[in-house]
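This is entry-v5.cif (mmCIF, C-alpha atoms).
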data_input
loop_
_atom_site.label_atom_id
_atom_site.label_comp_id
_atom_site.auth_asym_id
_atom_site.auth_seq_id
_atom_site.Cartn_x
_atom_site.Cartn_y
_atom_site.Cartn_z
CA MET A 956 -1.43 -14.09 15.76
CA ARG A 957 0.81 -12.55 18.36
CA THR A 958 0.86 -13.20 22.05
CA ASP A 959 2.27 -11.19 24.95
CA ARG A 960 1.94 -13.81 27.65
CA THR A 961 4.94 -14.00 29.94
CA PRO A 962 6.45 -17.49 29.86
CA PRO A 963 6.31 -19.40 33.14
CA ALA A 964 9.55 -19.83 35.06
CA ALA A 965 9.53 -23.57 34.36
CA LEU A 966 10.10 -22.80 30.70
CA ARG A 967 13.52 -21.35 31.39
CA PRO A 968 16.34 -23.90 31.12
CA ASP A 969 18.90 -24.07 33.89
CA PRO A 970 21.81 -21.89 32.67
CA SER A 971 24.21 -23.85 34.90
CA ALA A 972 23.46 -27.16 33.19
CA PRO A 973 26.74 -28.28 31.56
CA ALA A 974 25.19 -30.23 28.71
CA ASP A 975 22.11 -30.45 26.56
CA ARG A 976 21.18 -33.77 28.13
CA LYS A 977 19.74 -32.42 31.38
CA PRO A 978 16.01 -31.69 31.46
CA PRO A 979 14.79 -28.25 32.48
CA PRO A 980 14.17 -27.71 36.21
CA GLY A 981 10.93 -28.75 37.83
CA THR A 982 10.52 -31.99 35.93
CA ALA A 983 10.26 -34.50 38.76
CA GLY A 984 7.05 -36.49 38.63
CA ARG A 985 5.64 -34.56 35.65
CA THR A 986 4.07 -36.20 32.62
CA ALA A 987 2.92 -34.85 29.27
CA PRO A 988 -0.59 -33.33 29.41
CA GLU A 989 -3.54 -35.35 28.16
CA PHE A 990 -5.53 -32.27 27.16
CA PRO A 991 -5.05 -30.00 24.10
CA VAL A 992 -2.02 -27.71 24.19
CA ASP A 993 -2.51 -24.50 22.24
CA ALA A 994 0.00 -22.37 20.38
CA ASP A 995 0.55 -20.13 23.39
CA ALA A 996 2.74 -22.89 24.85
CA LEU A 997 4.90 -22.84 21.72
CA ALA A 998 5.13 -19.05 21.82
CA GLY A 999 6.11 -19.12 25.48
CA TYR A 1000 8.75 -21.77 24.89
CA LEU A 1001 10.30 -19.87 21.98
CA ARG A 1002 10.34 -16.63 23.97
CA ALA A 1003 12.03 -18.38 26.88
CA GLN A 1004 14.71 -19.90 24.66
CA ALA A 1005 15.27 -16.57 22.92
CA THR A 1006 15.73 -14.97 26.34
CA GLU A 1007 18.30 -17.64 27.24
CA PHE A 1008 20.09 -16.96 23.96
CA LEU A 1009 20.33 -13.24 24.69
CA ARG A 1010 21.42 -13.88 28.27
CA ALA A 1011 24.20 -16.18 27.09
CA LEU A 1012 25.29 -13.62 24.50
CA ARG A 1013 25.53 -10.95 27.18
CA LEU A 1014 27.61 -13.26 29.42
CA HIS A 1015 29.91 -14.07 26.52
CA ARG A 1016 30.56 -10.41 25.86
CA GLU A 1017 31.12 -9.69 29.53
CA ASN A 1018 33.61 -12.55 29.97
CA GLY A 1019 35.58 -11.86 26.82
CA ALA A 1020 36.26 -14.17 23.89
CA GLY A 1021 40.00 -14.29 23.36
CA ALA A 1022 42.38 -17.20 23.75
CA THR A 1023 42.73 -16.42 27.48
CA ALA A 1024 39.01 -15.97 28.09
CA PRO A 1025 37.74 -17.41 31.39
CA ASP A 1026 35.63 -20.55 31.66
CA GLY A 1027 32.52 -18.38 31.81
CA SER A 1028 32.98 -17.56 28.14
CA ALA A 1029 32.98 -21.26 27.20
CA ASP A 1030 29.88 -21.80 29.33
CA ALA A 1031 28.19 -18.90 27.57
CA VAL A 1032 29.01 -20.39 24.16
CA ARG A 1033 27.50 -23.73 25.24
CA ALA A 1034 24.38 -21.90 26.42
CA LEU A 1035 24.18 -20.12 23.06
CA ARG A 1036 24.35 -23.47 21.28
CA ARG A 1037 21.69 -25.02 23.54
CA ALA A 1038 19.25 -22.18 22.97
CA ALA A 1039 19.92 -22.08 19.22
CA ARG A 1040 19.34 -25.84 18.92
CA ARG A 1041 16.10 -25.72 20.85
CA ILE A 1042 14.74 -22.80 18.85
CA SER A 1043 15.74 -24.41 15.55
CA GLY A 1044 14.37 -27.81 16.57
CA SER A 1045 11.05 -26.33 17.65
CA LEU A 1046 10.75 -24.41 14.40
CA HIS A 1047 11.29 -27.68 12.54
CA THR A 1048 8.69 -29.68 14.49
CA PHE A 1049 6.01 -26.98 14.72
CA GLN A 1050 6.72 -25.16 11.46
CA THR A 1051 3.09 -25.33 10.27
CA LEU A 1052 2.04 -23.13 13.21
CA LEU A 1053 4.60 -20.41 12.48
CA ASP A 1054 5.01 -17.79 9.80
CA ALA A 1055 6.55 -19.84 6.99
CA ALA A 1056 8.81 -17.15 5.50
CA TRP A 1057 10.18 -16.15 8.90
CA ALA A 1058 10.85 -19.75 9.97
CA GLU A 1059 12.57 -20.65 6.70
CA ASP A 1060 14.75 -17.58 7.04
CA ILE A 1061 15.98 -18.02 10.63
CA ARG A 1062 16.21 -21.80 11.00
CA PRO A 1063 19.21 -22.33 8.66
CA GLU A 1064 20.99 -19.41 10.34
CA LEU A 1065 20.53 -20.97 13.78
CA ALA A 1066 21.83 -24.28 12.44
CA TRP A 1067 24.88 -22.50 10.99
CA LEU A 1068 25.57 -20.78 14.31
CA SER A 1069 25.17 -23.92 16.41
CA GLY A 1070 27.37 -25.96 14.10
CA THR A 1071 30.09 -23.30 13.97
CA LEU A 1072 30.22 -22.91 17.75
CA ALA A 1073 30.32 -26.68 18.28
CA LEU A 1074 33.48 -27.34 16.26
CA GLU A 1075 36.08 -26.17 18.77
CA HIS A 1076 34.65 -28.31 21.57
CA ALA A 1077 34.30 -31.26 19.21
CA TYR A 1078 37.98 -31.19 18.22
CA ALA A 1079 39.10 -30.86 21.84
CA SER A 1080 36.91 -33.76 22.96
CA ARG A 1081 38.06 -35.89 20.01
CA LEU A 1082 41.72 -35.37 20.86
CA GLU A 1083 41.14 -36.19 24.53
CA ARG A 1084 39.24 -39.34 23.59
CA LEU A 1085 41.95 -40.56 21.23
CA LEU A 1086 44.82 -39.87 23.60
CA GLN A 1087 43.04 -41.68 26.41
CA ALA A 1088 42.44 -44.64 24.11
CA LEU A 1089 46.14 -44.71 23.17
CA HIS A 1090 47.16 -44.84 26.82
CA ARG A 1091 44.58 -47.55 27.52
CA LEU A 1092 45.67 -49.65 24.54
CA SER A 1093 49.36 -49.26 25.33
CA GLY A 1094 48.97 -50.53 28.89
CA PRO A 1095 51.75 -50.25 31.53
CA ALA A 1096 54.40 -49.92 28.83
CA SER A 1097 52.95 -46.56 27.79
CA ALA A 1098 55.18 -44.81 30.35
CA PRO A 1099 58.15 -42.94 28.84
CA PHE A 1100 61.18 -45.13 28.24
CA PRO A 1101 64.38 -44.43 30.20
CA GLU A 1102 67.28 -43.34 28.04
CA THR A 1103 70.63 -45.08 27.78
CA PRO A 1104 73.84 -43.02 27.95
CA ALA A 1105 73.80 -42.90 24.18
CA GLY A 1106 70.38 -41.24 24.28
CA ILE A 1107 68.55 -44.27 22.86
CA PRO A 1108 65.37 -45.43 24.69
CA ALA A 1109 65.88 -48.77 26.45
CA GLN A 1110 63.07 -51.06 25.48
CA GLN A 1111 62.23 -53.05 28.56
CA ALA A 1112 58.96 -54.63 27.45
CA GLY A 1113 60.20 -56.70 24.52
CA PRO A 1114 60.51 -55.68 20.88
CA GLU A 1115 56.84 -56.05 19.92
CA ARG A 1116 55.44 -54.23 22.92
CA GLY A 1117 58.14 -51.60 22.83
CA ALA A 1118 57.63 -50.94 19.11
CA LEU A 1119 53.91 -50.55 19.63
CA THR A 1120 54.44 -48.11 22.47
CA VAL A 1121 56.87 -45.99 20.47
CA GLY A 1122 54.37 -46.00 17.60
CA ALA A 1123 51.58 -45.02 19.98
CA ALA A 1124 53.62 -42.10 21.27
CA LYS A 1125 54.30 -40.87 17.75
CA ALA A 1126 50.67 -41.43 16.81
CA GLY A 1127 49.60 -39.35 19.80
CA ALA A 1128 51.95 -36.57 18.83
CA LEU A 1129 50.62 -36.60 15.27
CA LEU A 1130 47.01 -36.52 16.43
CA ASP A 1131 47.82 -33.73 18.86
CA ARG A 1132 49.32 -31.60 16.09
CA GLN A 1133 46.48 -32.20 13.67
CA LEU A 1134 43.55 -31.82 16.06
CA THR A 1135 45.06 -28.91 17.98
CA LEU A 1136 45.53 -27.09 14.70
CA ALA A 1137 41.93 -27.89 13.75
CA ARG A 1138 40.74 -26.69 17.16
CA THR A 1139 42.68 -23.42 16.84
CA ARG A 1140 41.17 -22.80 13.43
CA ALA A 1141 37.69 -23.63 14.74
CA HIS A 1142 38.22 -21.16 17.60
CA SER A 1143 39.18 -18.43 15.15
CA THR A 1144 36.21 -19.28 12.95
CA ALA A 1145 33.86 -19.07 15.93
CA LEU A 1146 35.24 -15.68 16.94
CA GLN A 1147 34.87 -14.40 13.40
CA ALA A 1148 31.32 -15.75 13.25
CA LEU A 1149 30.34 -14.07 16.53
CA GLY A 1150 31.65 -10.76 15.22
CA SER A 1151 30.14 -11.03 11.75
CA SER A 1152 27.18 -9.17 10.34
CA ARG A 1153 25.54 -12.55 9.73
CA PHE A 1154 25.56 -13.34 13.45
CA HIS A 1155 24.32 -9.87 14.38
CA ALA A 1156 21.40 -10.38 12.00
CA VAL A 1157 20.58 -13.68 13.75
CA ALA A 1158 20.88 -12.05 17.18
CA ASP A 1159 18.54 -9.25 16.09
CA LYS A 1160 15.92 -11.77 14.97
CA VAL A 1161 16.23 -13.70 18.21
CA ALA A 1162 15.88 -10.46 20.16
CA VAL A 1163 12.59 -9.81 18.38
CA LEU A 1164 11.53 -13.40 19.04
CA ALA A 1165 12.01 -12.84 22.79
CA SER A 1166 8.95 -10.59 22.76
CA ASP A 1167 7.10 -11.27 19.51
CA VAL A 1168 6.55 -14.78 18.14
CA PRO A 1169 5.26 -14.74 14.52
CA LEU A 1170 2.61 -17.43 14.66
CA ALA A 1171 0.67 -18.41 11.56
CA ALA A 1172 -2.83 -17.05 11.00
CA GLY A 1173 -4.59 -20.33 11.82
CA ALA A 1174 -2.47 -21.28 14.82
CA ALA A 1175 -4.86 -19.94 17.46
CA GLY A 1176 -6.95 -23.08 17.88
CA ALA A 1177 -4.29 -25.63 16.96
CA ASP A 1178 -3.24 -28.48 19.25
CA LEU A 1179 0.51 -29.05 19.56
CA ARG A 1180 0.23 -32.70 20.55
CA PRO A 1181 -0.26 -34.18 17.04
CA LEU A 1182 2.87 -32.42 15.78
CA ALA A 1183 4.84 -33.64 18.79
CA ALA A 1184 3.51 -37.15 18.20
CA ALA A 1185 4.62 -36.93 14.57
CA ALA A 1186 8.14 -36.10 15.76
CA ARG A 1187 8.13 -39.25 17.88
CA ASP A 1188 6.74 -41.29 14.99
CA ARG A 1189 9.61 -40.16 12.76
CA LEU A 1190 12.01 -41.27 15.45
CA VAL A 1191 10.30 -44.64 15.86
CA ASP A 1192 10.33 -45.23 12.09
CA ALA A 1193 14.01 -44.34 11.85
CA VAL A 1194 14.88 -46.68 14.71
CA ALA A 1195 12.84 -49.44 13.09
CA ALA A 1196 15.00 -49.11 9.98
CA LEU A 1197 18.21 -49.64 11.96
CA PRO A 1198 19.79 -53.11 11.98
CA LEU A 1199 19.17 -53.58 15.70
CA VAL A 1200 19.58 -57.33 15.39
CA THR A 1201 23.11 -56.74 14.13
CA ALA A 1202 23.69 -54.18 16.87
CA GLY A 1203 22.69 -56.81 19.42
CA SER A 1204 25.27 -59.28 18.16
CA PRO A 1205 28.72 -59.51 19.75
CA TYR A 1206 30.41 -59.27 16.37
CA ASN A 1207 29.40 -57.20 13.35
CA ALA A 1208 31.46 -58.44 10.43
CA GLU A 1209 29.79 -55.97 8.06
CA ALA A 1210 31.35 -53.10 10.00
CA LEU A 1211 34.77 -54.17 8.71
CA VAL A 1212 33.87 -54.26 5.01
CA HIS A 1213 34.96 -50.68 4.39
CA GLY A 1214 37.65 -50.58 7.07
CA LEU A 1215 40.54 -50.33 4.60
CA SER A 1216 38.82 -48.20 2.00
CA PRO A 1217 40.86 -45.19 0.79
CA ASP A 1218 37.64 -43.20 0.64
CA PRO A 1219 37.69 -40.66 3.53
CA SER A 1220 33.88 -40.35 3.51
CA PRO A 1221 31.98 -41.42 6.65
CA HIS A 1222 31.41 -45.10 7.29
CA PRO A 1223 28.27 -46.20 5.39
CA GLN A 1224 26.70 -47.75 8.50
CA ASP A 1225 27.01 -44.57 10.56
CA THR A 1226 24.66 -42.21 8.70
CA PRO A 1227 21.30 -43.72 9.78
CA TRP A 1228 22.49 -43.82 13.38
CA HIS A 1229 23.46 -40.15 13.27
CA GLN A 1230 20.01 -39.39 11.86
CA VAL A 1231 18.36 -41.22 14.74
CA ARG A 1232 20.39 -39.13 17.16
CA LEU A 1233 19.04 -35.92 15.59
CA LEU A 1234 15.47 -37.23 15.60
CA LEU A 1235 15.78 -38.21 19.25
CA ARG A 1236 16.83 -34.67 20.07
CA LEU A 1237 13.85 -33.25 18.15
CA HIS A 1238 11.56 -35.63 20.04
CA ARG A 1239 12.93 -34.42 23.37
CA TYR A 1240 12.49 -30.77 22.43
CA ALA A 1241 8.91 -31.43 21.29
CA ARG A 1242 8.19 -33.03 24.66
CA GLU A 1243 9.49 -29.92 26.38
CA VAL A 1244 7.25 -27.66 24.29
CA VAL A 1245 4.07 -29.69 24.77
CA ALA A 1246 4.67 -30.07 28.49
CA CYS A 1247 5.46 -26.35 28.85
CA GLY A 1248 9.08 -27.09 29.65
CA ASP A 1249 8.27 -29.67 32.34
CA ALA A 1250 8.58 -32.91 30.35
CA PRO A 1251 10.77 -35.35 32.26
CA VAL A 1252 13.47 -37.16 30.36
CA GLY A 1253 13.07 -40.82 31.29
CA VAL A 1254 16.11 -42.72 32.45
CA ARG A 1255 16.01 -45.08 29.49
CA LEU A 1256 15.46 -42.29 26.97
CA LEU A 1257 18.32 -40.36 28.53
CA ALA A 1258 20.55 -43.45 28.37
CA ALA A 1259 19.59 -43.99 24.72
CA GLY A 1260 20.58 -40.42 23.90
CA GLU A 1261 23.89 -40.79 25.69
CA ALA A 1262 24.60 -44.01 23.77
CA LEU A 1263 24.00 -42.18 20.50
CA ASP A 1264 26.31 -39.38 21.62
CA ARG A 1265 29.02 -41.95 22.34
CA HIS A 1266 28.34 -43.51 18.94
CA ARG A 1267 28.86 -40.17 17.20
CA ASP A 1268 32.00 -39.39 19.19
CA ALA A 1269 33.56 -42.81 18.55
CA ALA A 1270 32.73 -42.73 14.84
CA GLU A 1271 34.31 -39.29 14.44
CA ALA A 1272 37.34 -40.33 16.49
CA ALA A 1273 37.81 -43.40 14.28
CA ALA A 1274 37.63 -41.18 11.20
CA ALA A 1275 40.26 -38.86 12.71
CA ALA A 1276 42.59 -41.81 13.36
CA ALA A 1277 42.13 -43.01 9.79
CA GLN A 1278 42.80 -39.52 8.45
CA ALA A 1279 46.00 -39.29 10.50
CA ALA A 1280 47.10 -42.67 9.14
CA ARG A 1281 46.92 -41.20 5.61
CA THR A 1282 49.63 -38.67 6.49
CA PRO A 1283 52.51 -39.13 4.01
CA ARG A 1284 55.82 -40.60 5.12
CA ILE A 1285 54.86 -41.64 8.63
CA ALA A 1286 56.74 -44.50 10.26
CA PRO A 1287 55.25 -48.01 10.00
CA ALA A 1288 54.97 -48.24 13.80
CA THR A 1289 52.99 -45.00 13.85
CA ALA A 1290 50.67 -46.20 11.09
CA TYR A 1291 50.19 -49.49 12.93
CA ALA A 1292 49.28 -47.71 16.17
CA LEU A 1293 46.78 -45.53 14.33
CA GLY A 1294 45.26 -48.66 12.77
CA VAL A 1295 44.87 -50.25 16.20
CA LEU A 1296 43.33 -47.00 17.44
CA HIS A 1297 40.91 -46.90 14.51
CA ALA A 1298 39.82 -50.48 15.20
CA ASP A 1299 39.37 -49.68 18.89
CA GLN A 1300 37.09 -46.74 18.14
CA ARG A 1301 35.05 -48.79 15.68
CA HIS A 1302 34.64 -51.30 18.49
CA GLU A 1303 33.37 -48.44 20.66
CA VAL A 1304 30.90 -47.64 17.89
CA GLU A 1305 29.54 -51.19 18.04
CA ALA A 1306 29.37 -51.06 21.83
CA ALA A 1307 27.36 -47.82 21.68
CA ARG A 1308 24.95 -49.38 19.18
CA TYR A 1309 24.44 -52.35 21.46
CA ALA A 1310 23.81 -50.04 24.43
CA PHE A 1311 21.28 -48.03 22.42
CA GLN A 1312 19.27 -51.01 21.23
CA HIS A 1313 19.20 -52.33 24.81
CA CYS A 1314 17.87 -48.99 26.14
CA TRP A 1315 15.48 -48.46 23.24
CA HIS A 1316 13.73 -51.81 23.57
CA LYS A 1317 13.10 -51.09 27.24
CA GLU A 1318 11.94 -47.54 26.46
CA ALA A 1319 9.56 -48.80 23.76
CA ALA A 1320 8.20 -51.49 26.07
CA GLY A 1321 7.47 -48.92 28.76
CA THR A 1322 5.81 -46.40 26.43
CA PRO A 1323 1.99 -46.33 26.63
#

Could you quickly redo this structure as structure tokens?
Amino acid sequence: MRTDRTPPAALRPDPSAPADRKPPPGTAGRTAPEFPVDADALAGYLRAQATEFLRALRLHRENGAGATAPDGSADAVRALRRAARRISGSLHTFQTLLDAAWAEDIRPELAWLSGTLALEHAYASRLERLLQALHRLSGPASAPFPETPAGIPAQQAGPERGALTVGAAKAGALLDRQLTLARTRAHSTALQALGSSRFHAVADKVAVLASDVPLAAGAAGADLRPLAAAARDRLVDAVAALPLVTAGSPYNAEALVHGLSPDPSPHPQDTPWHQVRLLLRLHRYAREVVACGDAPVGVRLLAAGEALDRHRDAAEAAAAAAQAARTPRIAPATAYALGVLHADQRHEVEAARYAFQHCWHKEAAGTP
């Protein structure tokens, strides 16, 4: 079944929104409908997001994409990622109402594009987070040391504090080299991806989607609400499997079990939390579809999502500090500073888990 209905203006996300966390405009006082929502709402939502994708692509081309590209280019890339995530997430939740072959073909490509475009920003944010943590952990002694006539820094804060500060400075320089290099490579990869035949194939499919949504044959009389409810149920089940009692404790000794492991793989406790973050995003997108783009994001649900974002950021920052500490032939003071930084970010992980469980219990209690 194909539909030519023009999507309402409320379906169009605000292109000026800086992050994926803000709800679409016109959400104040709105609630999810209590009557059946047919597949036309899904078609309208997908068309609107495809239109946003094409608009962002046009802005990116107009602003340029080189190393000296203006901020508008970065904003356009973020808008591309937002639209790609929403299209891909909606295809995942409502896949039974769409042409199966088409959905299976485009959804992995959208995930590839979104992930590729996200890397540069992720490395930049990670470096900023780690450098700020180093300054915070070093305290007042983090200021540059004055030099003696012989050119040797004069340690004015005592040997222990001074050694830590010198190590922190060297740790910061090491992280800056590693993550800046990774960011540069990610930037080049993103530019190559946006100029590749693979991306042009994705853009062509999205362009078709902006006017023609390939719904399944039996989608005409389907109600979207059960599929949206299933997305929430998957989220609720995943949260129920989390050790929220541990997350509510001031000290999680189990989080230190693998702290000195030489294995560079992600921390074993992090994976289910990252999965909950993805399921929460799918739940939010499903709410937008069912409510025709006007589903409000509750304060507690928004806070829970932000806590999971902080959890992801801190976990990845801790992994970056641990990876830097594995650099051969670094000074002991540098390795020590990186160890302190790793422990600090794992503490931030625990704080984010505590914040999430606090928000989630209130959100669950207020859900009818």

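Nearest-residue note for Leu1263 in chain A: choosing from A:Val1231, A:Ala1055, A:Ala1185, A:Leu1009, the minimum distance belongs to A:Val1231, counting only C-alpha atoms.
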
Residues within 9 Å of Leu1179 in chain A, only C-alpha atoms, excluding chain neighbours under 4 positions, as a list of chain:residue names: A:Pro991, A:Val992, A:Asp993, A:Ala994, A:Ala996, A:Leu997, A:Phe1049, A:Leu1052, A:Ala1183, A:Ala1184, A:Ala1241, A:Val1244, A:Val1245

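Across the chains present, the PyMOL selection byres ((chain A and resi 1010-1016) around 6) applied to this file returns Glu1007, Phe1008, Leu1009, Glu1017, Asn1018, Gly1019, Ser1028, Ala1031, Ala1034 and Leu1035 of chain A.
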
Proximity to Asp1159 in chain A - best of A:Ala1193, A:Leu1134, A:Ile1061, A:Ala1186, only C-alpha atoms: A:Ile1061

Neighbour list for Phe1154 in chain A as a VMD selection string, cut-off 10 Å, all atoms listed in the file, skip fewer than 6 positions in-chain: chain A and resid 1064 to 1065 1067 to 1068 1147 to 1148 1160

Ground truth for the PyMOL selection byres ((chain A and resi 1144) around 12), written as a PyMOL selection string: chain A and resi 1067-1068+1070-1075+1137-1143+1145-1151

Given the file shown, determine the residues that the PyMOL selection byres ((chain A and resi 1303-1310) around 6) selects; report them as a PDB file with C-alpha atoms, in the frame of the given file.
ATOM      1  CA  ALA A1202      23.690 -54.180  16.870  1.00  0.00           C
ATOM      2  CA  GLY A1203      22.690 -56.810  19.420  1.00  0.00           C
ATOM      3  CA  ALA A1262      24.600 -44.010  23.770  1.00  0.00           C
ATOM      4  CA  HIS A1266      28.340 -43.510  18.940  1.00  0.00           C
ATOM      5  CA  ALA A1269      33.560 -42.810  18.550  1.00  0.00           C
ATOM      6  CA  GLN A1300      37.090 -46.740  18.140  1.00  0.00           C
ATOM      7  CA  ARG A1301      35.050 -48.790  15.680  1.00  0.00           C
ATOM      8  CA  HIS A1302      34.640 -51.300  18.490  1.00  0.00           C
ATOM      9  CA  PHE A1311      21.280 -48.030  22.420  1.00  0.00           C
ATOM     10  CA  GLN A1312      19.270 -51.010  21.230  1.00  0.00           C
ATOM     11  CA  HIS A1313      19.200 -52.330  24.810  1.00  0.00           C
TER      12      HIS A1313
END

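The space between CA of Arg1062 in chain A and CA of Ser1043 in chain A spans 5.3 Å.
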
Nearest residue to Leu1092 in chain A from the set A:Trp1315, A:Leu1233, A:Ala1280, A:His1297 (distances using only C-alpha atoms): A:His1297

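Across the structure, CA of Ala1277 in chain A and CA of Tyr1078 in chain A are spaced 15.1 Å apart.
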
Computed interatomic separation between CA of Asp1060 in chain A and CA of Ala1165 in chain A (Å): 16.7 Å

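Among A:Leu1086, A:Val1168, A:Ala1276, A:Ala1298, the residue with the shortest atom-to-atom distance to Gly999 in chain A, counting all atoms listed in the file, is A:Val1168.
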